[in-house]
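Chemist: Pasting final36.pdb here (PDB, C-alpha atoms):
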```pdb
ATOM      1  CA  MET M   1     -84.463 -10.515   3.534
ATOM      2  CA  THR M   2     -85.756 -13.861   2.335
ATOM      3  CA  LEU M   3     -87.761 -15.763   4.905
ATOM      4  CA  PRO M   4     -87.615 -18.325   6.284
ATOM      5  CA  ASP M   5     -83.939 -18.328   7.022
ATOM      6  CA  THR M   6     -82.284 -21.169   8.924
ATOM      7  CA  ILE M   7     -79.007 -21.365  10.798
ATOM      8  CA  HIS M   8     -77.496 -24.567  12.213
ATOM      9  CA  LEU M   9     -74.952 -24.660  15.013
ATOM     10  CA  SER M  10     -73.389 -27.769  16.471
ATOM     11  CA  PHE M  11     -70.914 -27.935  19.307
ATOM     12  CA  THR M  12     -69.713 -30.059  22.219
ATOM     13  CA  SER M  13     -71.461 -29.265  25.497
ATOM     14  CA  SER M  14     -69.667 -26.786  27.755
ATOM     15  CA  ARG M  15     -70.557 -23.488  29.320
ATOM     16  CA  SER M  16     -68.124 -21.589  27.139
ATOM     17  CA  ALA M  17     -69.370 -23.315  23.965
ATOM     18  CA  VAL M  18     -72.919 -22.255  24.899
ATOM     19  CA  ARG M  19     -71.736 -18.671  25.209
ATOM     20  CA  ARG M  20     -70.014 -18.779  21.810
ATOM     21  CA  ALA M  21     -73.096 -20.299  20.155
ATOM     22  CA  LEU M  22     -75.361 -17.631  21.667
ATOM     23  CA  GLU M  23     -73.044 -14.861  20.535
ATOM     24  CA  LYS M  24     -72.946 -16.264  17.021
ATOM     25  CA  LEU M  25     -76.713 -16.580  16.866
ATOM     26  CA  MET M  26     -77.259 -13.065  18.249
ATOM     27  CA  GLN M  27     -74.992 -11.668  15.545
ATOM     28  CA  HIS M  28     -76.972 -13.594  12.932
ATOM     29  CA  LEU M  29     -80.264 -12.195  14.270
ATOM     30  CA  GLN M  30     -78.859  -8.692  14.363
ATOM     31  CA  ASN M  31     -77.759  -9.062  10.732
ATOM     32  CA  HIS M  32     -81.366 -10.013   9.985
ATOM     33  CA  ALA M  33     -82.647  -6.876  11.698
ATOM     34  CA  VAL M  34     -84.263  -8.623  14.669
ATOM     35  CA  GLY M  35     -84.694  -5.886  17.298
ATOM     36  CA  GLU M  36     -82.763  -5.664  20.541
ATOM     37  CA  GLU M  37     -85.676  -6.503  22.841
ATOM     38  CA  GLU M  38     -86.466  -9.620  20.795
ATOM     39  CA  ARG M  39     -82.831 -10.678  20.735
ATOM     40  CA  GLY M  40     -82.690 -10.324  24.514
ATOM     41  CA  ARG M  41     -85.719 -12.553  24.971
ATOM     42  CA  ILE M  42     -84.457 -15.148  22.492
ATOM     43  CA  GLN M  43     -81.014 -15.208  24.072
ATOM     44  CA  LEU M  44     -82.438 -15.733  27.551
ATOM     45  CA  VAL M  45     -84.718 -18.625  26.540
ATOM     46  CA  LEU M  46     -81.918 -20.310  24.630
ATOM     47  CA  ALA M  47     -79.354 -19.776  27.376
ATOM     48  CA  GLU M  48     -81.682 -21.458  29.879
ATOM     49  CA  ALA M  49     -82.438 -24.381  27.565
ATOM     50  CA  LEU M  50     -78.777 -24.890  26.622
ATOM     51  CA  ASN M  51     -77.537 -24.505  30.214
ATOM     52  CA  ASN M  52     -80.024 -27.222  31.189
ATOM     53  CA  ILE M  53     -78.462 -29.578  28.650
ATOM     54  CA  VAL M  54     -74.935 -28.785  29.852
ATOM     55  CA  GLU M  55     -75.814 -29.146  33.546
ATOM     56  CA  HIS M  56     -78.485 -31.854  33.610
ATOM     57  CA  GLY M  57     -78.276 -33.601  30.246
ATOM     58  CA  TYR M  58     -74.535 -34.147  30.513
ATOM     59  CA  PRO M  59     -73.955 -33.874  34.277
ATOM     60  CA  GLY M  60     -70.595 -33.788  36.019
ATOM     61  CA  ALA M  61     -67.614 -34.446  33.790
ATOM     62  CA  GLN M  62     -69.756 -35.796  30.935
ATOM     63  CA  SER M  63     -70.002 -33.960  27.682
ATOM     64  CA  GLY M  64     -71.573 -34.610  24.331
ATOM     65  CA  PRO M  65     -72.957 -33.080  21.186
ATOM     66  CA  ILE M  66     -75.544 -30.320  21.089
ATOM     67  CA  GLU M  67     -77.234 -29.222  17.896
ATOM     68  CA  LEU M  68     -79.220 -26.076  17.472
ATOM     69  CA  GLN M  69     -81.386 -25.205  14.518
ATOM     70  CA  CYS M  70     -82.917 -21.792  14.382
ATOM     71  CA  THR M  71     -85.423 -20.727  11.731
ATOM     72  CA  LEU M  72     -86.460 -17.133  11.377
ATOM     73  CA  THR M  73     -90.018 -16.703  10.137
ATOM     74  CA  GLU M  74     -92.328 -13.701   9.803
ATOM     75  CA  ALA M  75     -94.007 -14.633  13.093
ATOM     76  CA  GLY M  76     -90.991 -15.363  15.220
ATOM     77  CA  LEU M  77     -88.297 -17.896  15.765
ATOM     78  CA  ASP M  78     -88.555 -21.690  15.600
ATOM     79  CA  LEU M  79     -85.858 -23.475  17.546
ATOM     80  CA  VAL M  80     -84.900 -27.132  17.605
ATOM     81  CA  LEU M  81     -82.379 -28.239  20.220
ATOM     82  CA  SER M  82     -81.072 -31.777  20.152
ATOM     83  CA  ASP M  83     -78.605 -33.646  22.306
ATOM     84  CA  CYS M  84     -77.702 -37.189  23.361
ATOM     85  CA  GLY M  85     -77.786 -36.547  27.097
ATOM     86  CA  ALA M  86     -80.161 -37.605  29.855
ATOM     87  CA  ARG M  87     -83.895 -37.435  29.286
ATOM     88  CA  ILE M  88     -85.620 -34.204  30.384
ATOM     89  CA  PRO M  89     -87.523 -34.971  33.627
ATOM     90  CA  ARG M  90     -91.271 -35.313  33.149
ATOM     91  CA  ARG M  91     -92.047 -32.980  36.048
ATOM     92  CA  VAL M  92     -90.630 -29.911  34.284
ATOM     93  CA  LEU M  93     -92.726 -30.609  31.189
ATOM     94  CA  LEU M  94     -96.100 -30.885  32.918
ATOM     95  CA  PRO M  95     -98.800 -28.489  31.694
ATOM     96  CA  ASN M  96     -99.115 -26.937  35.166
ATOM     97  CA  PRO M  97     -95.557 -26.569  36.374
ATOM     98  CA  ALA M  98     -94.397 -25.504  39.793
ATOM     99  CA  PRO M  99     -94.225 -21.713  40.231
ATOM    100  CA  PRO M 100     -90.818 -20.020  40.307
ATOM    101  CA  PRO M 101     -89.054 -20.034  43.669
ATOM    102  CA  SER M 102     -90.463 -17.463  46.041
ATOM    103  CA  ALA M 103     -88.544 -14.171  46.239
ATOM    104  CA  ARG M 104     -88.446 -14.177  50.050
ATOM    105  CA  SER M 105     -86.054 -11.600  51.386
ATOM    106  CA  ASP M 106     -84.902 -13.576  54.443
ATOM    107  CA  ASN M 107     -83.484 -16.395  52.353
ATOM    108  CA  PRO M 108     -83.727 -15.625  48.638
ATOM    109  CA  PRO M 109     -83.291 -18.477  46.154
ATOM    110  CA  GLU M 110     -80.111 -18.792  44.086
ATOM    111  CA  GLY M 111     -81.614 -20.774  41.230
ATOM    112  CA  GLY M 112     -84.581 -22.761  40.011
ATOM    113  CA  TRP M 113     -85.822 -20.210  37.467
ATOM    114  CA  GLY M 114     -84.667 -21.906  34.250
ATOM    115  CA  TRP M 115     -87.837 -23.642  33.090
ATOM    116  CA  PHE M 116     -89.994 -20.849  34.456
ATOM    117  CA  LEU M 117     -88.173 -18.378  32.171
ATOM    118  CA  ILE M 118     -88.352 -20.730  29.175
ATOM    119  CA  ARG M 119     -92.123 -21.071  29.587
ATOM    120  CA  GLU M 120     -92.645 -17.415  30.332
ATOM    121  CA  LEU M 121     -90.806 -16.182  27.234
ATOM    122  CA  SER M 122     -91.654 -18.802  24.618
ATOM    123  CA  ALA M 123     -95.083 -19.581  23.159
ATOM    124  CA  ASN M 124     -94.924 -23.350  23.234
ATOM    125  CA  HIS M 125     -92.551 -26.216  23.574
ATOM    126  CA  ALA M 126     -92.597 -29.818  22.430
ATOM    127  CA  TYR M 127     -90.308 -32.517  23.709
ATOM    128  CA  ARG M 128     -89.537 -35.862  22.111
ATOM    129  CA  ARG M 129     -87.200 -38.636  23.203
ATOM    130  CA  ASP M 130     -86.037 -40.576  20.182
ATOM    131  CA  GLY M 131     -83.795 -43.494  21.149
ATOM    132  CA  ASP M 132     -80.926 -41.881  23.050
ATOM    133  CA  ARG M 133     -81.661 -38.459  21.628
ATOM    134  CA  ASN M 134     -83.542 -35.506  23.079
ATOM    135  CA  GLU M 135     -85.320 -33.070  20.829
ATOM    136  CA  LEU M 136     -86.827 -29.908  22.252
ATOM    137  CA  ARG M 137     -88.772 -27.567  19.964
ATOM    138  CA  LEU M 138     -89.512 -24.037  21.045
ATOM    139  CA  HIS M 139     -91.352 -21.212  19.341
ATOM    140  CA  ILE M 140     -90.609 -17.640  20.333
ATOM    141  CA  PRO M 141     -93.094 -15.217  18.771
ATOM    142  CA  TYR M 142     -92.248 -11.592  18.167
ATOM    143  CA  SER M 143     -94.065  -9.369  20.597
ATOM    144  CA  GLY M 144     -95.058  -6.906  17.841
ATOM    145  CA  GLY M 145     -93.173  -4.335  15.887
ATOM    146  CA  HIS M 146     -90.193  -6.736  15.864
ATOM    147  CA  ILE M 147     -88.276  -6.756  12.622
ATOM    148  CA  GLU M 148     -86.584  -3.387  12.318
ATOM    149  CA  SER M 149     -86.553  -1.984   8.832
TER     150      SER M 149
ATOM    151  CA  MET T 150     -63.410 -11.752  35.302
ATOM    152  CA  GLN T 151     -62.846  -8.002  35.405
ATOM    153  CA  ILE T 152     -64.531  -6.398  38.393
ATOM    154  CA  ILE T 153     -63.207  -3.243  40.002
ATOM    155  CA  SER T 154     -63.939  -1.748  43.388
ATOM    156  CA  ASN T 155     -63.833   1.759  44.841
ATOM    157  CA  ASN T 156     -64.649   2.851  48.365
ATOM    158  CA  PHE T 157     -66.491   6.057  49.236
ATOM    159  CA  GLY T 158     -66.523   6.208  53.030
ATOM    160  CA  ASP T 159     -68.938   3.575  54.272
ATOM    161  CA  THR T 160     -69.978   2.650  50.732
ATOM    162  CA  GLN T 161     -68.217   0.372  48.279
ATOM    163  CA  VAL T 162     -68.895   0.558  44.551
ATOM    164  CA  VAL T 163     -68.190  -2.689  42.715
ATOM    165  CA  SER T 164     -68.256  -2.349  38.926
ATOM    166  CA  VAL T 165     -68.541  -5.333  36.591
ATOM    167  CA  GLU T 166     -66.336  -4.476  33.613
ATOM    168  CA  GLU T 167     -67.719  -7.173  31.328
ATOM    169  CA  ASN T 168     -70.923  -7.401  29.347
ATOM    170  CA  ARG T 169     -72.174 -10.806  30.465
ATOM    171  CA  ILE T 170     -72.759 -12.598  33.768
ATOM    172  CA  ASP T 171     -73.683 -16.032  32.469
ATOM    173  CA  ALA T 172     -73.037 -19.697  33.250
ATOM    174  CA  ALA T 173     -69.550 -19.458  31.708
ATOM    175  CA  VAL T 174     -68.368 -16.975  34.367
ATOM    176  CA  VAL T 175     -70.530 -17.515  37.459
ATOM    177  CA  ILE T 176     -67.834 -19.303  39.437
ATOM    178  CA  ALA T 177     -65.284 -16.585  38.683
ATOM    179  CA  PHE T 178     -67.889 -13.930  39.497
ATOM    180  CA  LYS T 179     -68.746 -15.463  42.887
ATOM    181  CA  ASP T 180     -65.066 -15.886  43.825
ATOM    182  CA  ARG T 181     -64.187 -12.351  42.812
ATOM    183  CA  MET T 182     -67.190 -10.870  44.630
ATOM    184  CA  ARG T 183     -66.357 -12.818  47.786
ATOM    185  CA  ALA T 184     -62.789 -11.473  47.744
ATOM    186  CA  LEU T 185     -63.786  -7.889  46.921
ATOM    187  CA  THR T 186     -66.603  -7.533  49.458
ATOM    188  CA  ASP T 187     -64.694  -9.046  52.347
ATOM    189  CA  GLY T 188     -64.547  -5.640  54.073
ATOM    190  CA  ASP T 189     -67.109  -4.053  56.363
ATOM    191  CA  THR T 190     -68.690  -1.177  54.442
ATOM    192  CA  THR T 191     -72.396  -0.953  55.225
ATOM    193  CA  HIS T 192     -73.405  -0.404  51.598
ATOM    194  CA  VAL T 193     -72.212  -2.292  48.545
ATOM    195  CA  ILE T 194     -73.338  -0.904  45.180
ATOM    196  CA  LEU T 195     -73.065  -3.421  42.358
ATOM    197  CA  ASP T 196     -72.657  -1.400  39.170
ATOM    198  CA  LEU T 197     -74.155  -3.424  36.304
ATOM    199  CA  SER T 198     -74.178  -0.620  33.742
ATOM    200  CA  ARG T 199     -71.851  -2.475  31.358
ATOM    201  CA  VAL T 200     -73.706  -5.774  31.616
ATOM    202  CA  ASN T 201     -76.171  -6.419  28.809
ATOM    203  CA  PHE T 202     -76.963 -10.084  29.479
ATOM    204  CA  ILE T 203     -77.526 -12.245  32.538
ATOM    205  CA  ASP T 204     -79.078 -15.706  32.654
ATOM    206  CA  SER T 205     -80.584 -17.429  35.691
ATOM    207  CA  SER T 206     -77.180 -18.653  36.851
ATOM    208  CA  GLY T 207     -75.908 -15.058  36.740
ATOM    209  CA  LEU T 208     -78.949 -13.949  38.727
ATOM    210  CA  GLY T 209     -78.250 -16.705  41.272
ATOM    211  CA  ALA T 210     -74.637 -15.567  41.558
ATOM    212  CA  ILE T 211     -75.731 -11.986  42.296
ATOM    213  CA  VAL T 212     -78.095 -13.291  45.005
ATOM    214  CA  ALA T 213     -75.227 -15.382  46.433
ATOM    215  CA  ALA T 214     -73.005 -12.281  46.472
ATOM    216  CA  MET T 215     -75.682 -10.431  48.418
ATOM    217  CA  LYS T 216     -76.036 -13.246  50.958
ATOM    218  CA  GLN T 217     -72.270 -13.323  51.476
ATOM    219  CA  LEU T 218     -72.377  -9.745  52.791
ATOM    220  CA  GLY T 219     -74.060 -10.982  55.931
ATOM    221  CA  ARG T 220     -76.217  -9.162  58.434
ATOM    222  CA  GLY T 221     -76.288  -5.376  58.604
ATOM    223  CA  ARG T 222     -74.831  -4.833  55.137
ATOM    224  CA  VAL T 223     -76.957  -3.764  52.185
ATOM    225  CA  MET T 224     -76.495  -4.578  48.515
ATOM    226  CA  HIS T 225     -77.694  -2.041  45.970
ATOM    227  CA  LEU T 226     -77.890  -2.621  42.227
ATOM    228  CA  ALA T 227     -77.286   0.210  39.786
ATOM    229  CA  GLY T 228     -77.460   0.795  36.046
ATOM    230  CA  LEU T 229     -79.536  -2.199  34.955
ATOM    231  CA  GLN T 230     -79.869  -2.395  31.175
ATOM    232  CA  PRO T 231     -83.343  -3.422  29.867
ATOM    233  CA  ASN T 232     -82.472  -7.108  29.284
ATOM    234  CA  VAL T 233     -80.977  -7.409  32.743
ATOM    235  CA  ASP T 234     -83.796  -5.534  34.431
ATOM    236  CA  LYS T 235     -86.262  -7.902  32.770
ATOM    237  CA  VAL T 236     -84.696 -10.990  34.378
ATOM    238  CA  PHE T 237     -85.017  -9.408  37.834
ATOM    239  CA  ARG T 238     -88.644  -8.434  37.223
ATOM    240  CA  LEU T 239     -89.784 -11.754  35.713
ATOM    241  CA  THR T 240     -88.376 -13.718  38.645
ATOM    242  CA  ARG T 241     -89.630 -11.097  41.155
ATOM    243  CA  MET T 242     -86.078 -10.787  42.455
ATOM    244  CA  ASP T 243     -86.369  -7.025  41.911
ATOM    245  CA  THR T 244     -88.248  -7.052  45.229
ATOM    246  CA  ILE T 245     -85.288  -8.168  47.320
ATOM    247  CA  PHE T 246     -82.689  -5.665  46.089
ATOM    248  CA  ARG T 247     -82.511  -1.897  46.258
ATOM    249  CA  ILE T 248     -82.348  -0.942  42.597
ATOM    250  CA  HIS T 249     -81.211   2.459  41.324
ATOM    251  CA  ASP T 250     -80.997   3.919  37.828
ATOM    252  CA  SER T 251     -77.347   4.889  38.176
ATOM    253  CA  VAL T 252     -74.360   4.601  40.509
ATOM    254  CA  ASP T 253     -74.730   8.311  41.339
ATOM    255  CA  GLN T 254     -78.314   7.769  42.452
ATOM    256  CA  ALA T 255     -77.315   4.715  44.443
ATOM    257  CA  LEU T 256     -74.519   6.683  46.136
ATOM    258  CA  ALA T 257     -76.930   9.487  46.990
ATOM    259  CA  ALA T 258     -79.377   6.971  48.495
ATOM    260  CA  ALA T 259     -76.684   5.085  50.408
ATOM    261  CA  THR T 260     -74.914   8.134  51.827
ATOM    262  CA  GLY T 261     -77.983  10.381  52.160
TER     263      GLY T 261
END
```
I'd like the structure from this file rewritten - as C-alpha cells, please.

Modeler:
Amino acid sequence: MTLPDTIHLSFTSSRSAVRRALEKLMQHLQNHAVGEEERGRIQLVLAEALNNIVEHGYPGAQSGPIELQCTLTEAGLDLVLSDCGARIPRRVLLPNPAPPPSARSDNPPEGGWGWFLIRELSANHAYRRDGDRNELRLHIPYSGGHIES
Amino acid sequence: MQIISNNFGDTQVVSVEENRIDAAVVIAFKDRMRALTDGDTTHVILDLSRVNFIDSSGLGAIVAAMKQLGRGRVMHLAGLQPNVDKVFRLTRMDTIFRIHDSVDQALAAATG
C-alpha cells in the first residue's frame, strides 16, 4: 500500500445517501487492510457528523451537497467534510462541551449523543465557516496495532 | 425493514434481520417495533446478533422501542456485536437494558 491514500465522495444530503457513502468508504478501508475495530470507530464518527449535516445543516425538506475527503495515513485517518448548509452552532464546538445525556432508567434519553461520540472517538476537530460553506476537519488516530498485514 | 417475531410463552423474541439500524431506517424500525410488540408478553428479547452497525439515531430508536413497552414489561438485548456493544457502553446506555450474550441466555434469564 502507498500512503497517503485519498478518497473523495460527493453526494446530495439524505439519510440513504449517507448510508451509501459510509458503505463505500468502509469497503475502501477494508481494501486497505484497516482493521474491523478501527472501521467501526471511523464509521460511527462519520455517521454522526454526516447525520448532523443532513438533520441540522439542511433541516426539514432542504437538501444540498455534501463532500467528504478521507486520507489514510500511517497514523490514522484525516477527514474533511464540507457542505453548504447552516452553520454548526458554537455551543457544540466549545472546548468544554456538555456531558452526554444522563442514562437515567426512569426516563432514558432517545438522542443527544452525536457530538459526544464524535469527540470521544476522534482526536481533534477543526471547524471553519467560509462564506456559505462549512468545513469540518476530523482526525481519527489508530488505537494501535491497526493496519492488518 | 425485516424484523421477525416469535413467542415463547410469556417471552417474545424479536430478531432484526438486517445488519444496520441507522438514520436511514430508524422510522421504519420504530414503526415495525411498535406493531410487533403491541402484545402483552412480560419479556421482549431484541435479538441484535445480525446487526453490525448502529449510530446514535439507531440507539435512540431502541430506547424508544423499550419505552413503548410500558410499565411491567422488560426489554432484553441479546447478541450485541462489538461495534454495537461499544455504542451502548460509550453512552452508558448499557446500564438501562438487560444485556445477554445470546438469545438462548436471554431466554434462560427471562423464563428462569

Chemist: Could you state which residues are captured by the PyMOL selection byres ((chain T and resi 158) around 10) in this file, as a short mmCIF file (atom, residue, chain, number, x, y, z; two decimals) with C-alpha atoms, in the coordinates of the input?

Modeler:
```cif
data_model
loop_
_atom_site.label_atom_id
_atom_site.label_comp_id
_atom_site.auth_asym_id
_atom_site.auth_seq_id
_atom_site.Cartn_x
_atom_site.Cartn_y
_atom_site.Cartn_z
CA ASN T 155 -63.83 1.76 44.84
CA ASN T 156 -64.65 2.85 48.36
CA PHE T 157 -66.49 6.06 49.24
CA ASP T 159 -68.94 3.58 54.27
CA THR T 160 -69.98 2.65 50.73
CA GLN T 161 -68.22 0.37 48.28
CA THR T 190 -68.69 -1.18 54.44
CA THR T 191 -72.40 -0.95 55.22
CA HIS T 192 -73.40 -0.40 51.60
CA THR T 260 -74.91 8.13 51.83
#
```

Chemist: Could you list the residues chosen by the PyMOL selection byres ((chain T) within 12 of (chain M)) in this structure as a PyMOL selection string?

Modeler: chain T and resi 168-176+179+201-217+219-220+230-247

Chemist: Find the residue from M:Ser13, M:Thr6, M:Asn124, M:Thr71 that sits nearest to Pro59 of chain M; use all atoms listed in the file when measuring.

Modeler: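 Residue with the minimum atom-to-atom distance to Pro59 of chain M: M:Ser13.
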
Chemist: Hey, which of M:Ala49, M:Leu68, M:Leu22, M:Ala86 ends up closest to His125 of chain M? Count all atoms listed in the file.

Modeler: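 Among the listed residues, M:Ala49 lies closest to His125 of chain M.
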
Chemist: Evaluating the PyMOL selection byres ((chain T and resi 163) around 7) on the displayed file yields which residues, as a PyMOL selection string?

Modeler: chain T and resi 152-155+161-162+164-165+194-196

Chemist: May I ask which of the residues T:Phe178, T:Ala257, T:Ala227, T:Thr186 is the closest one to Met150 of chain T, counting all atoms listed in the file?

Modeler: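 Among the listed residues, T:Phe178 lies closest to Met150 of chain T.
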
Chemist: With all atoms listed in the file as the atoms that count, which of M:Arg129, M:His8, M:His32, M:Arg90 lies nearest to Thr73 of chain M?

Modeler: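 The shortest atom-to-atom distance to Thr73 of chain M comes from M:His32.
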
Chemist: Determine, counting only C-alpha atoms, which protein, DNA and RNA residues have an atom within 10 Å of an atom of Ala126 of chain M; residues of the same chain fewer than 3 positions away are not included. Present the result as a PyMOL selection string.

Modeler: chain M and resi 80+93+135-139

Chemist: Could you check which of T:Asp250, T:Gln151, T:Leu226, T:Gly221 is closest to Asp180 of chain T, using only C-alpha atoms?

Modeler: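 Residue with the minimum atom-to-atom distance to Asp180 of chain T: T:Gln151.
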
Chemist: What gap, in Å, lies between atom CA of Cys84 of chain M and atom CA of His56 of chain M?

Modeler: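 Here the two named atoms are 11.6 Å from each other.
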
Chemist: So how many Å separate atom CA of Leu9 of chain M and atom CA of Pro65 of chain M, to one decimal?

Modeler: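 Result for atom CA of Leu9 of chain M versus atom CA of Pro65 of chain M: 10.6 Å, one decimal.
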
Chemist: To one decimal place, how far is atom CA of Arg87 of chain M from atom CA of Ser63 of chain M in Å?

Modeler: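 Straight-line distance from atom CA of Arg87 of chain M to atom CA of Ser63 of chain M works out to 14.4 Å.
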